[in-house]
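What's in query19.cif: mmCIF, C-alpha atoms and all ligand atoms
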```
data_data
#
loop_
_atom_site.label_atom_id
_atom_site.label_comp_id
_atom_site.auth_asym_id
_atom_site.auth_seq_id
_atom_site.Cartn_x
_atom_site.Cartn_y
_atom_site.Cartn_z
CA MET P 19 -199.20 146.48 -28.32
CA SER P 20 -197.44 143.40 -29.63
CA ALA P 21 -194.72 144.09 -32.23
CA ASN P 22 -195.73 143.28 -35.77
CA LEU P 23 -193.54 140.23 -36.37
CA ASP P 24 -194.33 136.91 -37.99
CA TRP P 25 -193.62 135.02 -34.75
CA GLY P 26 -194.19 131.57 -36.22
CA SER P 27 -191.46 131.91 -38.83
CA LEU P 28 -188.67 133.28 -36.61
CA GLY P 29 -185.37 131.41 -36.63
CA PHE P 30 -182.62 131.79 -34.05
CA GLY P 31 -181.31 135.18 -35.16
CA TYR P 32 -180.81 138.71 -33.92
CA ILE P 33 -183.62 141.20 -34.20
CA LYS P 34 -182.93 144.54 -32.60
CA THR P 35 -185.37 145.44 -29.83
CA PRO P 36 -185.81 148.96 -28.43
CA TYR P 37 -184.11 148.72 -25.00
CA ARG P 38 -181.01 147.15 -23.48
CA TYR P 39 -179.38 147.52 -20.05
CA VAL P 40 -175.86 148.82 -19.49
CA SER P 41 -173.68 149.11 -16.41
CA ASN P 42 -170.01 150.09 -16.26
CA PHE P 43 -167.33 148.99 -13.81
CA LYS P 44 -164.88 151.83 -13.24
CA ASP P 45 -162.60 152.85 -10.37
CA GLY P 46 -163.26 149.55 -8.65
CA LYS P 47 -167.09 149.63 -8.64
CA TRP P 48 -170.18 149.02 -10.75
CA ASP P 49 -172.23 152.15 -11.49
CA ASP P 50 -176.02 152.25 -11.05
CA GLY P 51 -176.73 151.02 -14.59
CA CYS P 52 -179.66 152.01 -16.79
CA LEU P 53 -181.76 151.10 -19.79
CA THR P 54 -180.67 152.65 -23.07
CA GLU P 55 -181.85 152.68 -26.67
CA ASP P 56 -178.23 152.85 -27.86
CA ASP P 57 -177.18 149.48 -29.28
CA LYS P 58 -173.65 150.66 -30.17
CA ILE P 59 -170.53 150.24 -28.03
CA VAL P 60 -167.57 152.57 -28.34
CA MET P 61 -164.32 151.47 -26.72
CA SER P 62 -160.55 151.52 -27.09
CA GLU P 63 -158.94 149.62 -29.93
CA CYS P 64 -156.85 148.00 -27.21
CA ALA P 65 -159.75 146.85 -24.98
CA GLY P 66 -159.17 143.59 -23.09
CA VAL P 67 -162.06 141.91 -24.86
CA LEU P 68 -160.63 142.73 -28.30
CA GLN P 69 -157.08 141.67 -27.53
CA TYR P 70 -157.46 138.69 -25.20
CA ALA P 71 -161.13 137.71 -25.43
CA GLN P 72 -161.95 138.70 -21.86
CA THR P 73 -165.70 138.20 -22.10
CA VAL P 74 -168.37 135.95 -20.60
CA PHE P 75 -172.08 135.69 -21.35
CA GLU P 76 -175.36 134.01 -20.51
CA GLY P 77 -178.53 132.99 -22.30
CA LEU P 78 -182.07 132.76 -20.91
CA LYS P 79 -185.59 133.31 -22.17
CA ALA P 80 -188.80 135.17 -21.34
CA TYR P 81 -192.11 133.46 -22.11
CA THR P 82 -195.76 134.45 -22.31
CA THR P 83 -197.73 131.98 -20.23
CA VAL P 84 -201.07 130.40 -21.07
CA ASP P 85 -202.77 132.97 -18.79
CA GLY P 86 -200.96 135.94 -20.34
CA ARG P 87 -198.23 136.60 -17.76
CA ILE P 88 -194.64 137.27 -18.79
CA VAL P 89 -192.11 135.11 -16.96
CA THR P 90 -188.46 134.09 -16.98
CA PHE P 91 -187.18 130.63 -16.09
CA ARG P 92 -184.67 130.25 -13.24
CA PRO P 93 -182.77 133.49 -13.97
CA ASP P 94 -181.09 133.18 -10.55
CA LEU P 95 -179.08 130.25 -11.91
CA ASN P 96 -177.89 132.33 -14.87
CA ALA P 97 -176.89 135.09 -12.44
CA GLU P 98 -174.92 132.56 -10.41
CA ARG P 99 -173.23 130.96 -13.42
CA MET P 100 -172.24 134.33 -14.85
CA PHE P 101 -170.77 135.26 -11.46
CA GLU P 102 -168.62 132.11 -11.58
CA SER P 103 -167.68 132.62 -15.23
CA ALA P 104 -166.49 136.15 -14.42
CA GLU P 105 -164.38 134.97 -11.49
CA ARG P 106 -162.63 132.39 -13.66
CA LEU P 107 -161.63 135.10 -16.17
CA GLU P 108 -160.50 137.57 -13.46
CA MET P 109 -163.43 139.90 -14.09
CA PRO P 110 -165.36 141.69 -11.33
CA PRO P 111 -168.55 139.60 -11.01
CA PHE P 112 -171.80 141.44 -11.66
CA PRO P 113 -173.89 141.24 -8.45
CA LYS P 114 -176.58 138.57 -8.73
CA GLU P 115 -179.42 140.81 -7.52
CA ARG P 116 -178.41 143.42 -10.10
CA PHE P 117 -178.41 140.74 -12.81
CA LEU P 118 -182.03 139.85 -11.92
CA GLU P 119 -182.99 143.53 -11.90
CA ALA P 120 -181.46 143.94 -15.38
CA VAL P 121 -183.43 140.93 -16.65
CA ASP P 122 -186.69 142.31 -15.24
CA LYS P 123 -186.07 145.79 -16.64
CA VAL P 124 -185.11 144.68 -20.16
CA VAL P 125 -188.04 142.29 -20.47
CA ALA P 126 -190.52 144.85 -19.15
CA ALA P 127 -189.16 147.59 -21.44
CA ASN P 128 -189.38 145.28 -24.48
CA LYS P 129 -192.64 143.57 -23.53
CA ASP P 130 -194.10 144.11 -27.01
CA TYR P 131 -191.38 141.79 -28.29
CA VAL P 132 -192.19 138.89 -25.98
CA PRO P 133 -193.76 136.45 -28.45
CA PRO P 134 -197.39 135.53 -27.72
CA TYR P 135 -198.32 132.25 -26.05
CA GLY P 136 -198.53 129.39 -28.52
CA SER P 137 -196.50 131.12 -31.25
CA GLY P 138 -193.53 128.77 -30.85
CA ALA P 139 -191.22 131.77 -30.30
CA THR P 140 -189.71 133.23 -27.12
CA LEU P 141 -187.73 136.32 -26.12
CA TYR P 142 -184.07 135.34 -25.84
CA LEU P 143 -182.04 137.38 -23.35
CA ARG P 144 -178.31 137.78 -23.74
CA PRO P 145 -176.46 139.16 -20.70
CA TYR P 146 -172.72 139.59 -21.23
CA MET P 147 -169.73 141.46 -19.87
CA PHE P 148 -166.33 142.32 -21.19
CA GLY P 149 -163.05 144.05 -20.42
CA SER P 150 -163.40 147.52 -21.92
CA SER P 151 -160.15 149.27 -20.93
CA GLU P 152 -156.73 149.02 -22.60
CA VAL P 153 -154.62 145.92 -22.11
CA ILE P 154 -151.48 145.13 -24.03
CA GLY P 155 -149.43 142.94 -21.70
CA VAL P 156 -151.41 139.79 -20.89
CA LYS P 157 -153.44 140.79 -17.81
CA PRO P 158 -157.05 141.55 -16.83
CA ALA P 159 -158.58 144.89 -17.86
CA LYS P 160 -159.32 147.53 -15.20
CA ASP P 161 -162.71 148.60 -16.55
CA TYR P 162 -165.66 146.43 -17.63
CA GLN P 163 -169.08 146.74 -19.12
CA PHE P 164 -172.13 144.57 -18.41
CA ARG P 165 -174.91 144.60 -21.00
CA LEU P 166 -178.14 142.73 -21.51
CA PHE P 167 -180.21 142.79 -24.69
CA ALA P 168 -183.26 140.91 -25.87
CA THR P 169 -184.14 139.38 -29.23
CA PRO P 170 -187.19 137.33 -30.22
CA VAL P 171 -186.23 133.85 -31.44
CA GLY P 172 -187.69 130.68 -32.90
CA PRO P 173 -186.14 127.19 -32.82
CA TYR P 174 -182.34 126.87 -32.65
CA PHE P 175 -182.30 124.02 -35.17
CA LYS P 176 -184.29 124.44 -38.36
CA GLY P 177 -187.21 122.04 -38.29
CA GLY P 178 -187.80 122.46 -34.53
CA ALA P 179 -188.72 119.06 -33.13
CA LYS P 180 -187.36 117.05 -36.10
CA PRO P 181 -184.43 114.82 -35.12
CA ILE P 182 -181.02 116.09 -36.19
CA THR P 183 -177.82 114.39 -37.31
CA ILE P 184 -174.57 115.13 -35.51
CA ARG P 185 -171.03 113.94 -35.95
CA VAL P 186 -168.15 113.16 -33.64
CA SER P 187 -165.71 116.05 -33.91
CA ASP P 188 -162.00 115.65 -34.48
CA TYR P 189 -161.51 118.89 -32.57
CA ASP P 190 -161.66 119.38 -28.83
CA ARG P 191 -163.95 121.90 -27.20
CA ALA P 192 -162.26 122.37 -23.84
CA ALA P 193 -159.14 121.20 -22.04
CA PRO P 194 -159.53 119.02 -18.92
CA LYS P 195 -158.69 121.87 -16.53
CA GLY P 196 -159.57 124.68 -18.92
CA THR P 197 -162.69 126.82 -19.28
CA GLY P 198 -165.27 124.35 -20.59
CA HIS P 199 -167.38 124.68 -17.41
CA ILE P 200 -167.88 128.44 -17.79
CA LYS P 201 -169.67 130.45 -20.45
CA ALA P 202 -166.71 132.29 -21.94
CA GLY P 203 -166.79 133.62 -25.50
CA LEU P 204 -163.47 131.93 -26.15
CA ASN P 205 -165.10 128.47 -25.90
CA TYR P 206 -167.35 129.42 -28.78
CA ALA P 207 -164.68 131.11 -30.91
CA MET P 208 -162.71 127.87 -30.94
CA SER P 209 -165.80 125.91 -32.02
CA LEU P 210 -166.52 128.05 -35.09
CA HIS P 211 -164.26 126.20 -37.48
CA ALA P 212 -165.67 122.86 -36.34
CA ILE P 213 -169.29 123.99 -36.75
CA VAL P 214 -168.74 125.54 -40.18
CA ASP P 215 -167.04 122.32 -41.27
CA ALA P 216 -169.85 120.21 -39.78
CA HIS P 217 -172.49 122.24 -41.65
CA GLU P 218 -170.52 122.04 -44.89
CA ASN P 219 -170.52 118.28 -44.53
CA GLY P 220 -174.25 118.08 -43.86
CA PHE P 221 -174.24 117.71 -40.06
CA ASP P 222 -176.26 119.87 -37.68
CA GLU P 223 -173.81 119.86 -34.76
CA ASN P 224 -170.61 118.37 -33.35
CA MET P 225 -170.36 115.88 -30.54
CA TYR P 226 -167.21 116.64 -28.56
CA LEU P 227 -165.48 113.83 -26.70
CA ASP P 228 -163.31 114.22 -23.61
CA PRO P 229 -160.00 115.65 -24.84
CA ALA P 230 -157.81 113.54 -22.56
CA THR P 231 -158.91 110.05 -23.64
CA ARG P 232 -161.49 110.59 -26.40
CA THR P 233 -163.60 107.82 -24.96
CA TYR P 234 -166.24 109.77 -23.02
CA VAL P 235 -169.06 111.98 -24.31
CA GLU P 236 -168.83 115.66 -23.36
CA GLU P 237 -171.32 117.98 -25.06
CA THR P 238 -171.99 119.86 -28.30
CA GLY P 239 -170.98 123.42 -29.14
CA GLY P 240 -174.08 124.84 -27.48
CA ALA P 241 -175.94 122.16 -25.52
CA ASN P 242 -175.58 119.25 -23.07
CA PHE P 243 -176.57 115.67 -23.94
CA ILE P 244 -179.41 113.75 -22.43
CA PHE P 245 -179.78 110.04 -23.17
CA VAL P 246 -182.61 107.63 -22.49
CA THR P 247 -181.88 103.93 -21.95
CA LYS P 248 -184.07 101.18 -23.36
CA ASP P 249 -185.58 100.72 -19.89
CA LYS P 250 -186.36 104.46 -19.73
CA LYS P 251 -183.63 105.67 -17.43
CA ILE P 252 -182.22 109.16 -18.01
CA VAL P 253 -178.43 109.34 -18.36
CA THR P 254 -176.52 112.63 -18.61
CA PRO P 255 -172.74 112.97 -19.00
CA LYS P 256 -170.76 114.21 -16.02
CA SER P 257 -167.50 116.03 -16.68
CA ASP P 258 -165.66 118.99 -15.21
CA SER P 259 -165.15 120.46 -18.67
CA ILE P 260 -168.77 120.81 -19.80
CA LEU P 261 -171.12 123.71 -19.12
CA PRO P 262 -173.49 122.95 -16.22
CA SER P 263 -176.65 123.43 -18.28
CA ILE P 264 -179.60 124.89 -16.40
CA THR P 265 -181.96 123.11 -18.81
CA ARG P 266 -180.25 119.77 -18.17
CA ARG P 267 -180.37 120.23 -14.39
CA SER P 268 -184.05 121.20 -14.66
CA LEU P 269 -184.86 118.22 -16.91
CA CYS P 270 -183.23 115.80 -14.49
CA CYS P 271 -185.43 117.18 -11.75
CA VAL P 272 -188.51 117.02 -14.01
CA ALA P 273 -187.69 113.42 -14.94
CA GLU P 274 -187.56 112.36 -11.29
CA LYS P 275 -190.28 114.50 -9.75
CA TYR P 276 -192.86 114.75 -12.53
CA LEU P 277 -192.26 111.61 -14.57
CA GLY P 278 -190.99 109.22 -11.90
CA LEU P 279 -187.92 108.26 -13.93
CA THR P 280 -184.49 107.30 -12.60
CA VAL P 281 -181.70 109.74 -13.44
CA GLU P 282 -178.00 108.93 -13.65
CA HIS P 283 -175.52 111.79 -13.88
CA ARG P 284 -172.20 110.06 -14.57
CA PRO P 285 -169.36 109.77 -17.06
CA VAL P 286 -170.81 108.31 -20.28
CA LYS P 287 -168.57 106.24 -22.55
CA PHE P 288 -168.96 106.89 -26.26
CA SER P 289 -169.16 103.11 -26.72
CA GLU P 290 -172.41 103.05 -24.68
CA ILE P 291 -174.35 105.21 -27.11
CA LYS P 292 -175.25 102.36 -29.44
CA ASP P 293 -177.26 100.84 -26.59
CA PHE P 294 -179.37 103.94 -25.82
CA ALA P 295 -182.94 104.35 -27.07
CA GLU P 296 -183.06 108.16 -27.36
CA CYS P 297 -180.66 111.07 -27.45
CA GLY P 298 -181.35 114.79 -27.17
CA LEU P 299 -179.49 118.07 -26.96
CA CYS P 300 -180.66 120.31 -24.17
CA GLY P 301 -180.10 123.98 -23.52
CA THR P 302 -181.88 127.31 -23.40
CA ALA P 303 -181.60 127.77 -27.17
CA ALA P 304 -181.96 124.08 -28.06
CA VAL P 305 -184.72 123.35 -25.45
CA ILE P 306 -184.57 119.61 -26.19
CA SER P 307 -183.64 118.85 -29.75
CA PRO P 308 -183.81 115.15 -30.57
CA VAL P 309 -180.77 113.50 -32.16
CA GLY P 310 -181.62 110.74 -34.65
CA LYS P 311 -178.19 109.85 -35.95
CA ILE P 312 -174.59 110.16 -34.81
CA TYR P 313 -171.88 109.86 -37.42
CA ASP P 314 -168.49 108.59 -36.29
CA HIS P 315 -165.81 108.48 -38.98
CA GLY P 316 -167.70 106.40 -41.55
CA LYS P 317 -169.88 104.55 -39.03
CA GLU P 318 -173.43 105.61 -38.21
CA ILE P 319 -175.20 105.13 -34.92
CA CYS P 320 -178.93 105.33 -35.55
CA LEU P 321 -180.94 105.89 -32.39
CA PRO P 322 -183.97 103.56 -32.28
CA ALA P 323 -186.25 106.61 -31.81
CA GLY P 324 -185.62 107.32 -35.52
CA MET P 325 -185.43 110.39 -37.74
CA ASP P 326 -189.13 111.27 -37.96
CA LYS P 327 -190.13 112.48 -34.54
CA MET P 328 -189.01 112.92 -30.95
CA GLY P 329 -188.65 109.73 -28.95
CA GLU P 330 -191.36 108.98 -26.41
CA VAL P 331 -189.44 109.93 -23.26
CA THR P 332 -187.79 112.96 -24.90
CA LYS P 333 -191.28 114.17 -25.83
CA GLN P 334 -192.52 113.71 -22.26
CA LEU P 335 -189.55 115.67 -20.97
CA TYR P 336 -190.10 118.38 -23.58
CA ASP P 337 -193.82 118.69 -22.85
CA THR P 338 -193.28 118.83 -19.10
CA LEU P 339 -190.46 121.38 -19.22
CA THR P 340 -192.23 123.68 -21.68
CA GLY P 341 -195.48 123.14 -19.72
CA ILE P 342 -193.73 124.53 -16.64
CA GLN P 343 -192.16 127.40 -18.58
CA MET P 344 -195.44 128.39 -20.22
CA GLY P 345 -197.51 128.06 -17.04
CA ARG P 346 -199.53 124.99 -18.10
CA LEU P 347 -198.04 122.96 -15.25
CA GLU P 348 -197.22 123.99 -11.72
CA ALA P 349 -193.54 124.84 -11.35
CA PRO P 350 -191.28 123.79 -8.51
CA GLU P 351 -190.81 126.58 -5.93
CA GLY P 352 -188.63 129.42 -7.25
CA TRP P 353 -188.36 128.30 -10.89
CA ILE P 354 -190.58 130.99 -12.40
CA ARG P 355 -189.97 134.74 -12.02
CA GLU P 356 -192.86 136.88 -13.12
CA ILE P 357 -192.12 140.19 -14.79
CA LYS P 358 -194.49 142.89 -13.56
N1 LIG H 1 -173.52 123.76 -23.21
C1 LIG H 1 -173.08 124.82 -23.88
C2 LIG H 1 -171.72 124.76 -24.45
C3 LIG H 1 -173.90 125.95 -24.03
O1 LIG H 1 -173.48 127.00 -24.71
C4 LIG H 1 -175.19 125.94 -23.49
C5 LIG H 1 -176.05 127.10 -23.61
O2 LIG H 1 -176.23 127.88 -22.73
C6 LIG H 1 -175.61 124.80 -22.79
C7 LIG H 1 -174.76 123.74 -22.67
C8 LIG H 1 -176.96 124.76 -22.19
O3 LIG H 1 -177.02 125.48 -21.00
P1 LIG H 1 -178.36 126.11 -20.49
O4 LIG H 1 -179.33 124.99 -20.36
O5 LIG H 1 -178.02 126.68 -19.17
O6 LIG H 1 -178.78 127.11 -21.48
C1 LIG H 2 -178.00 129.17 -25.03
O1 LIG H 2 -178.58 128.10 -25.15
O2 LIG H 2 -178.47 130.13 -24.41
C2 LIG H 2 -176.68 129.37 -25.58
O3 LIG H 2 -176.02 130.29 -25.19
C3 LIG H 2 -176.20 128.49 -26.62
C4 LIG H 2 -175.72 129.24 -27.80
C5 LIG H 2 -175.01 128.27 -28.65
C6 LIG H 2 -176.82 129.91 -28.53
#
```
Produce structure tokens that represent the structure in this file.
Ligand code: PLP
Ligand code: COI
Amino acid sequence: MSANLDWGSLGFGYIKTPYRYVSNFKDGKWDDGCLTEDDKIVMSECAGVLQYAQTVFEGLKAYTTVDGRIVTFRPDLNAERMFESAERLEMPPFPKERFLEAVDKVVAANKDYVPPYGSGATLYLRPYMFGSSEVIGVKPAKDYQFRLFATPVGPYFKGGAKPITIRVSDYDRAAPKGTGHIKAGLNYAMSLHAIVDAHENGFDENMYLDPATRTYVEETGGANFIFVTKDKKIVTPKSDSILPSITRRSLCCVAEKYLGLTVEHRPVKFSEIKDFAECGLCGTAAVISPVGKIYDHGKEICLPAGMDKMGEVTKQLYDTLTGIQMGRLEAPEGWIREIK
């Protein structure tokens, strides 16, 4: 029976669900792993994650489709990205097949918390792993824990499809050869001051520029950019220091294959933005959130799509992507994994 939640009014917050998955890496191998009702973690005060932030994570969602199935969207790509994130932080990668098994198990065990079709909410899944054994000299931990929990969520930005206002940040998100391309907790810790400051000043998010030259667009704290030109071409920034968003890669494919649009994935100069027709933030949490205004040190760039509603092409992309996720449209081979 569906949990008794007011699905339509959920924000993007944590609500404890009954089951999560845990597996431990000890003596050089991952154990069998299991579901547990225990949401607490007990570890050494000197654990690698606590001292040197040795932790990586993922984010994906489970959806109820129009015909009542429960599905996840391209979880294999999350498994792959988490594998690569772990390698970059000298952690033993969690096997990709095991990752998929953990996703299936947690969603099935918490199926009453998968929001109903049409409610506007989804079940957000948060896989993560961290160094759990003692580390005091700077080095990788010996032992690790992988966990995956689920929490029902609504829109990431209040107002859902309403265009947001962002500002160009004076802070950098990631160094040119740093960790911007992986999903490490440390990338988010360093963005906290910038996001609190942005909110205090009335902005919804920060636009980070490339740290080396500050002339190219990178991404925001939690999403990639997608731009639409006045002649309806899709342009997405290319950089080695941004997270390779699964949503962005999927949208580029949707734009070409479903909407017949041309897609350019290339470095995007900040100075080009004033010529674009639409701008959106894309990610698992953000889906596609339209950007109406970009504030740059006293100057405002107002996207022609305006502040009232999503631009025309952004809306087409949004409808097609969510149509695929919710089973209204046929998905490309391998994009949808049904939970039995
Ligand atoms: N960029 C950053 C920094 C993110 O945290 C996220 C969220 O996962 C994204 C982009 C979007 O990636 P995805 O579409 O895979 O969720
Ligand atoms: C996601 O979209 O899954 C993320 O991890 C972004 C985070 C800022 C919530």
May I have the protein, DNA and RNA residues with any atom at most 6 Å from the point (-185.0, 129.0, -9.0), counting only C-alpha atoms, written as a PDB file with C-alpha atoms, keeping the file's coordinate frame?
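Result went into point.pdb, see below:
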```
ATOM      1  CA  ARG P  92    -184.670 130.250 -13.240  1.00  0.00           C
ATOM      2  CA  ASP P  94    -181.090 133.180 -10.550  1.00  0.00           C
ATOM      3  CA  GLY P 352    -188.630 129.420  -7.250  1.00  0.00           C
ATOM      4  CA  TRP P 353    -188.360 128.300 -10.890  1.00  0.00           C
TER       5      TRP P 353
END
```
**Message:** Using all atoms listed in the file, which residues of the polymer chains come no farther than 9 Å from ligand LIG 1 (chain H)? I'd like the answer as a ChimeraX atom specification.
**Reply:** /P:75-78,95-96,99,191,198-201,205-206,237-243,260-268,299-305
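One finds CA of Ser103 in chain P at 6.8 Å from CA of Ala202 in chain P.
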**Request:** Give as an MDAnalysis selection string every residue, naming chains and numbers as the document does, that has an atom within 7 Å of (-178.8, 111.6, -22.1), counting only C-alpha atoms.
**Result:** chainID P and resid 243:246 252:255 297:298
**Asked** Which of these, P:Glu348, P:Glu296, P:Glu119, P:Asp326, has the shortest distance to Pro145 in chain P once you count only C-alpha atoms?
**Response**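 Closest to Pro145 in chain P, using only C-alpha atoms: P:Glu119.
Interatomic distance, CA of Tyr174 in chain P to CA of Leu143 in chain P: 14.0 Å.
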**Request:** For each of P:Gly278, P:Gly178, P:Pro110, P:Gly149, take the minimum atom-to-atom distance to Leu68 in chain P, counting all atoms listed in the file, then give the residue where this is smallest.
**Result:**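 With all atoms listed in the file as the atom set, the closest residue is P:Gly149.
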**Message:** Measuring between only C-alpha atoms, which one of P:Leu204, P:Ala230, P:Ile182, P:Ala159 shows the shortest distance to Cys64 in chain P?
**Reply:**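 For Cys64 in chain P, the nearest of the candidates is P:Ala159.
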Find the residues near Asp190 in chain P: any atom within 8 Å, counting only C-alpha atoms, skip ones fewer than 3 places away on the same chain, and give them as a CSV table (one decimal) with C-alpha atoms, keeping the file's coordinate frame.
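Produced file result.csv, reproduced below:
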```
chain,number,residue,atom,x,y,z
P,187,SER,CA,-165.7,116.0,-33.9
P,193,ALA,CA,-159.1,121.2,-22.0
P,226,TYR,CA,-167.2,116.6,-28.6
P,227,LEU,CA,-165.5,113.8,-26.7
P,228,ASP,CA,-163.3,114.2,-23.6
P,229,PRO,CA,-160.0,115.6,-24.8
```
Pull all heavy atoms for range 40-47 of chain P from the block and write them as a short mmCIF file (atom, residue, chain, number, x, y, z; two decimals), in the first residue's frame.
```cif
data_model
loop_
_atom_site.label_atom_id
_atom_site.label_comp_id
_atom_site.auth_asym_id
_atom_site.auth_seq_id
_atom_site.Cartn_x
_atom_site.Cartn_y
_atom_site.Cartn_z
N VAL P 40 23.47 -2.09 2.49
CA VAL P 40 24.82 -1.87 3.01
C VAL P 40 25.74 -3.00 2.59
O VAL P 40 25.35 -4.18 2.64
CB VAL P 40 24.84 -1.84 4.57
CG1 VAL P 40 26.23 -1.46 5.08
CG2 VAL P 40 23.82 -0.87 5.12
N SER P 41 26.95 -2.62 2.17
CA SER P 41 27.99 -3.64 1.94
C SER P 41 29.30 -3.07 2.46
O SER P 41 29.56 -1.87 2.33
CB SER P 41 28.09 -3.96 0.45
OG SER P 41 29.10 -4.93 0.23
N ASN P 42 30.11 -3.94 3.07
CA ASN P 42 31.39 -3.50 3.63
C ASN P 42 32.56 -4.09 2.87
O ASN P 42 32.52 -5.26 2.47
CB ASN P 42 31.49 -3.92 5.10
CG ASN P 42 30.57 -3.07 5.96
OD1 ASN P 42 30.78 -1.87 6.10
ND2 ASN P 42 29.53 -3.69 6.50
N PHE P 43 33.59 -3.28 2.69
CA PHE P 43 34.85 -3.75 2.09
C PHE P 43 35.85 -3.92 3.21
O PHE P 43 36.21 -2.97 3.90
CB PHE P 43 35.36 -2.71 1.08
CG PHE P 43 36.59 -3.14 0.34
CD1 PHE P 43 36.49 -3.85 -0.85
CD2 PHE P 43 37.86 -2.83 0.82
CE1 PHE P 43 37.63 -4.24 -1.54
CE2 PHE P 43 39.00 -3.21 0.14
CZ PHE P 43 38.89 -3.92 -1.05
N LYS P 44 36.28 -5.17 3.43
CA LYS P 44 37.20 -5.49 4.52
C LYS P 44 38.13 -6.59 4.06
O LYS P 44 37.72 -7.45 3.27
CB LYS P 44 36.38 -5.97 5.74
CG LYS P 44 37.02 -5.60 7.05
CD LYS P 44 36.10 -5.88 8.23
CE LYS P 44 36.85 -5.82 9.53
NZ LYS P 44 37.89 -4.84 9.67
N ASP P 45 39.36 -6.57 4.54
CA ASP P 45 40.35 -7.58 4.14
C ASP P 45 40.42 -7.75 2.62
O ASP P 45 40.48 -8.87 2.09
CB ASP P 45 40.04 -8.94 4.79
CG ASP P 45 40.01 -8.83 6.31
OD1 ASP P 45 40.81 -8.03 6.85
OD2 ASP P 45 39.18 -9.50 6.95
N GLY P 46 40.34 -6.63 1.93
CA GLY P 46 40.54 -6.66 0.47
C GLY P 46 39.36 -7.13 -0.35
O GLY P 46 39.48 -7.31 -1.56
N LYS P 47 38.16 -7.31 0.26
CA LYS P 47 37.01 -7.68 -0.59
C LYS P 47 35.67 -7.15 -0.04
O LYS P 47 35.54 -6.90 1.17
CB LYS P 47 36.95 -9.18 -0.82
CG LYS P 47 36.83 -10.03 0.42
CD LYS P 47 36.77 -11.50 -0.02
CE LYS P 47 36.32 -12.43 1.07
NZ LYS P 47 37.03 -12.30 2.35
#
```
